[in-house]
Amino acid sequence: MEINMTLHLPRDAASVPVSRQVLDSCLQTLGVTPDTRADIALALSEACANVIQHAGRGEKYEVQVSARNCRCTIEVVNTSSAWVAGRDGRRAGAIAVTSDPVPDDAEHGRGLKIIDAVADNLQLTGNESQGTIVHFEKTLEWLPGAAGQHLISTDNGRADRGSSQVP
């Protein structure tokens with residue numbers, strides 16, 4: 001089983017809870033644990049807020065989600081022609097999350113550190129044709145008897161069409 005979802009959203013703060021609730025509803029239906037869903041919701045909120053803050057006026061952004069092999073992969077894409085620059089002010093193809101602490105009085109800079117703390121494999125990339133992409137993954141943990149776990153474990157994600165037996 002594989003689930004793919006893409007949301008095309010306006011650059012508006014009201015889009016953040018919408019994207020979070022749509023994804024959370026899908027994960028809840030599959031039987032993902034509340035703690036895992038909470039981590040994903042927090043990371044998604046931070047990624048969307050980051051894109052909304054840095055996108056150009058009136059522009060849209062995308063949330064692309066893929067769930068397969070007990071892993072949820074999320075990309076929040078700022079499709080703006082403006083994209084993130086590196087520390088030296090030059091454009092960068094990939095930006096690393098540093099271990100440098102964020103000052104207590106800083107108004108910005110915590111979002112990527114939060115995502116990095118609750119998710120797996122955080123990557124921030126960008127180029128002029130694709131804009132900026134915040135990519136992160138999270139291993140899915142299941143409630144007992146979860147439909148999603150059963151569907152994923154059935155013949156490596158493909159349901160057995162010739163049998164009514166449940167593995």
# chains A, B, ... in the order shown; residues from 1 in each chain; ligands from 1
call {"tool": "residues_around", "arguments": {"residues": "stretch 112-118 of chain A", "least_positions_apart": "6", "cutoff": "8 Å", "atoms": "only C-alpha atoms", "output": "ChimeraX atom specification"}}
result
/A:39-40,42-44,46-47,97,136
call {"tool": "closest_residue", "arguments": {"among": "A:Val63, A:Val51, A:Cys72, A:Ala147", "to": "A:Leu7", "atoms": "only C-alpha atoms"}}
result
A:Val63
call {"tool": "atom_distance", "arguments": {"atom1": "atom CA of A:Arg110", "atom2": "atom CA of A:Glu59"}}
result
23.6 Å
